[in-house]
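A.B. asks: Attaching a single structure in structure tokens format; questions to follow.
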Amino acid sequence: MSTNSLHSSKNLKAVLFSLPKGMPVTTCQMLQLGISRQLVHRYVINGWLETLGYGYFLRAGDELTRNGAVAALESQGVDVHIGGKSALSQKGVAHYLAFGKDKLTLFRVTRKKVPQWFTSRFPCEIRMSRLFEEECALEKRLYVSRLDGTDSYSPFVSEPERALLEMLDDVPQKQSLDEARKIMEPLFTLRSDLLQNLLQTCTRIKVKRLFFSLAEELKLPVLQLLDVSRINFGSDSVYIRTLKGNSLILQHPGKGLHG
């Protein structure tokens with residue numbers, strides 16, 4: 001098959017131009033379009049596709065983007081979503097952060113491996129965590145949705161309220177308390193209904209107590225709209241976590257707040 005015939009192929013055009021720029025094409029997508037593995041191999045030989053890793057290809061002339069790469073992983077069944085600080089930046093609610101400068105934070109439930117071609121191009125932190133009582137499927141996770149709700153190839157990203165709690169889960173092991181406070185300080189538009197549900201289903205006592213401690217310190221308006229009596233903060237004892245000489249001390253917030 002000549003290069004010209006490849007270029008005129010309806011199947012090839014469908015693959016090359018139907019997906020967003022910056023998103024790899026996967027073997028599964030091409031098989032669904034009737035393009036065999038043998039024909040994919042020819043496309044690679046003729047320079048129309050570049051192999052990224054097993055099952056993933058970049059179209060000729062295209063430039064790989066981080067969001068496009070995450071969306072490709074999700075389309076292949078890798079159950080990751082963008083969360084934590086990365087989601088706060090991506091959603092544009094934390095102006096202190098600039099998306100793309102820090103390591104990408106991804107959350108997953110299963111142990112399906114993130115391919116090496118992705119991690120070699122995009123420095124990332126991958127969290128294997130069940131921070132909330134929820135269903136595992138990406139589409140059913142609490143307040144995780146596509147960045148662009150009208151685009152079925154857009155990556156899944158945490159809503160700001162969830163992303164905030166995901167970030168607080170990293171304090172103090174991977175996230176400094178001082179930076180978390182700076183990121184949280186301007187968040188005056190947090191939605192109380194989302195936070196109420198998230199806090200009620202959150203499995204980490206530390207995260208819930210830390211949120212209330214910082215929100216009270218920063219005088220965030222959302223604090224007055226939450227029903228403390230419906231949130232489990234654990235026993236009345238003080239939560240203490242010590243790391244490298246620094247201590248995180250968290251009181252039970254239900255005793256001092258309305259509810």
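All residue names refer to the structure tokens as shown: chains lettered A, B, ... in order, residues numbered from 1 in each chain, ligands numbered from 1 in order.
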Can you pull out every residue from segment 19-64 of chain A that DSSP, working from the backbone, puts in helix (DSSP H, G or I), and format the result as a list in words?

C.D. replies: Thr27, Cys28, Gln29, Met30, Leu31, Gln32, Arg37, Gln38, Leu39, Val40, His41, Arg42, Tyr43, Val44 and Ile45 of chain A

A.B. asks: What are the nearest atom pairs, with distances in Å to one decimal, for all residues of segment 28-53 of chain A that come at most 10 Å from segment 108-128 of chain A, using only C-alpha atoms, set out by chain and rising residue number as JSON lines?

C.D. replies:
{"residue": "A:Thr51", "atom": "CA", "partner": "A:Trp117", "partner_atom": "CA", "distance": 9.7}
{"residue": "A:Leu52", "atom": "CA", "partner": "A:Trp117", "partner_atom": "CA", "distance": 6.1}
{"residue": "A:Gly53", "atom": "CA", "partner": "A:Trp117", "partner_atom": "CA", "distance": 5.8}

A.B. asks: Would you mind writing down, as a ChimeraX atom specification, each residue of segment 31-192 of chain A that DSSP on the backbone assigns to strand (DSSP E or B)?

C.D. replies: /A:49-53,56-59,81-82,104-108,124-128,132,144-146,156-158

A.B. asks: Write a file of the selected residues as a PDB file, in the first residue's frame, keeping C-alpha atoms.

C.D. replies:
ATOM      1  CA  LEU A  49       1.543   6.773  13.288  1.00  0.00           C
ATOM      2  CA  GLU A  50       4.328   6.801  15.897  1.00  0.00           C
ATOM      3  CA  THR A  51       4.371   4.062  18.518  1.00  0.00           C
ATOM      4  CA  LEU A  52       4.308   5.439  22.062  1.00  0.00           C
ATOM      5  CA  GLY A  53       3.973   2.127  23.846  1.00  0.00           C
ATOM      6  CA  TYR A  56      -0.895   3.629  22.017  1.00  0.00           C
ATOM      7  CA  PHE A  57       0.056   5.672  18.956  1.00  0.00           C
ATOM      8  CA  LEU A  58       0.619   9.355  18.170  1.00  0.00           C
ATOM      9  CA  ARG A  59      -0.620  10.737  14.873  1.00  0.00           C
ATOM     10  CA  HIS A  81      -8.645  10.614  37.354  1.00  0.00           C
ATOM     11  CA  ILE A  82      -6.873  13.945  37.859  1.00  0.00           C
ATOM     12  CA  LEU A 104       0.455  15.528  37.955  1.00  0.00           C
ATOM     13  CA  THR A 105      -1.582  13.889  40.727  1.00  0.00           C
ATOM     14  CA  LEU A 106      -3.625  10.894  39.581  1.00  0.00           C
ATOM     15  CA  PHE A 107      -5.964   8.763  41.679  1.00  0.00           C
ATOM     16  CA  ARG A 108      -6.900   5.158  40.960  1.00  0.00           C
ATOM     17  CA  CYS A 124       3.256  12.200  38.163  1.00  0.00           C
ATOM     18  CA  GLU A 125       2.225  11.029  41.610  1.00  0.00           C
ATOM     19  CA  ILE A 126      -0.189   8.093  41.511  1.00  0.00           C
ATOM     20  CA  ARG A 127      -2.384   7.554  44.548  1.00  0.00           C
ATOM     21  CA  MET A 128      -3.930   4.183  45.256  1.00  0.00           C
ATOM     22  CA  PHE A 132     -14.446   8.027  50.031  1.00  0.00           C
ATOM     23  CA  VAL A 144     -15.503  13.276  39.459  1.00  0.00           C
ATOM     24  CA  SER A 145     -16.551  14.287  35.959  1.00  0.00           C
ATOM     25  CA  ARG A 146     -15.120  15.063  32.555  1.00  0.00           C
ATOM     26  CA  PHE A 156     -11.988  12.866  34.299  1.00  0.00           C
ATOM     27  CA  VAL A 157     -11.160  15.487  36.949  1.00  0.00           C
ATOM     28  CA  SER A 158     -12.183  15.960  40.591  1.00  0.00           C
TER      29      SER A 158
END

A.B. asks: Just want the 7 Å neighbourhood of Val207 of chain A, counted on only C-alpha atoms, with same-chain residues fewer than 3 positions away dropped. Output as number ranges by chain.

C.D. replies: A: 165, 168-169, 204, 210-211

A.B. asks: Measure the distance from atom CA of Leu187 of chain A to atom CA of Ser154 of chain A in Å and round it to one decimal.

C.D. replies: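 According to the coordinates, atom CA of Leu187 of chain A and atom CA of Ser154 of chain A are separated by 24.9 Å.
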
A.B. asks: Could you check which of A:Ala163, A:Ala71, A:Asp79, A:Lys21 is closest to Glu139 of chain A, using only C-alpha atoms?

C.D. replies: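 Going through A:Ala163, A:Ala71, A:Asp79, A:Lys21 one by one, the smallest distance to Glu139 of chain A is for A:Asp79.
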
A.B. asks: Find the residues near Gln29 of chain A: any atom within 10 Å, counting only C-alpha atoms, skip ones fewer than 3 places away on the same chain, and give them as an MDAnalysis selection string.

C.D. replies: chainID A and resid 15 19 25:26 32:35 55:56 72 75:76

A.B. asks: Next, write the just-selected residues to a file, as a PDB file, in the first residue's frame, keeping N, CA and C atoms as the atom set.

C.D. replies:
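Generated output (selection.pdb):
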ATOM      1  N   VAL A  15      -9.542   7.933  11.948  1.00  0.00           N
ATOM      2  CA  VAL A  15      -8.723   7.849  13.150  1.00  0.00           C
ATOM      3  C   VAL A  15      -7.928   9.130  13.371  1.00  0.00           C
ATOM      4  N   LEU A  19     -10.402  12.320  16.586  1.00  0.00           N
ATOM      5  CA  LEU A  19     -10.033  12.514  17.982  1.00  0.00           C
ATOM      6  C   LEU A  19      -9.418  13.889  18.197  1.00  0.00           C
ATOM      7  N   VAL A  25      -3.907   7.788  19.798  1.00  0.00           N
ATOM      8  CA  VAL A  25      -4.878   6.843  19.249  1.00  0.00           C
ATOM      9  C   VAL A  25      -4.540   5.469  19.819  1.00  0.00           C
ATOM     10  N   THR A  26      -5.554   4.720  20.222  1.00  0.00           N
ATOM     11  CA  THR A  26      -5.303   3.411  20.807  1.00  0.00           C
ATOM     12  C   THR A  26      -5.673   2.296  19.834  1.00  0.00           C
ATOM     13  N   GLN A  32     -12.107  -0.820  16.589  1.00  0.00           N
ATOM     14  CA  GLN A  32     -13.527  -0.473  16.526  1.00  0.00           C
ATOM     15  C   GLN A  32     -13.887   0.187  15.204  1.00  0.00           C
ATOM     16  N   LEU A  33     -12.922   0.844  14.581  1.00  0.00           N
ATOM     17  CA  LEU A  33     -13.140   1.492  13.287  1.00  0.00           C
ATOM     18  C   LEU A  33     -12.829   0.559  12.120  1.00  0.00           C
ATOM     19  N   GLY A  34     -12.543  -0.700  12.430  1.00  0.00           N
ATOM     20  CA  GLY A  34     -12.297  -1.672  11.379  1.00  0.00           C
ATOM     21  C   GLY A  34     -10.878  -1.694  10.854  1.00  0.00           C
ATOM     22  N   ILE A  35      -9.954  -1.103  11.583  1.00  0.00           N
ATOM     23  CA  ILE A  35      -8.548  -1.079  11.167  1.00  0.00           C
ATOM     24  C   ILE A  35      -7.814  -2.208  11.881  1.00  0.00           C
ATOM     25  N   GLY A  55      -0.074  -0.527  22.370  1.00  0.00           N
ATOM     26  CA  GLY A  55      -1.477  -0.154  22.272  1.00  0.00           C
ATOM     27  C   GLY A  55      -1.754   1.326  22.101  1.00  0.00           C
ATOM     28  N   TYR A  56      -0.714   2.179  22.125  1.00  0.00           N
ATOM     29  CA  TYR A  56      -0.895   3.629  22.017  1.00  0.00           C
ATOM     30  C   TYR A  56      -0.039   4.188  20.887  1.00  0.00           C
ATOM     31  N   ALA A  72      -6.538   9.200  27.032  1.00  0.00           N
ATOM     32  CA  ALA A  72      -6.239   7.953  26.331  1.00  0.00           C
ATOM     33  C   ALA A  72      -6.113   6.792  27.316  1.00  0.00           C
ATOM     34  N   SER A  75      -9.534   5.767  28.336  1.00  0.00           N
ATOM     35  CA  SER A  75     -10.261   5.050  27.278  1.00  0.00           C
ATOM     36  C   SER A  75      -9.801   3.608  27.151  1.00  0.00           C
ATOM     37  N   GLN A  76      -8.603   3.313  27.658  1.00  0.00           N
ATOM     38  CA  GLN A  76      -8.053   1.958  27.629  1.00  0.00           C
ATOM     39  C   GLN A  76      -8.321   1.198  28.926  1.00  0.00           C
TER      40      GLN A  76
END
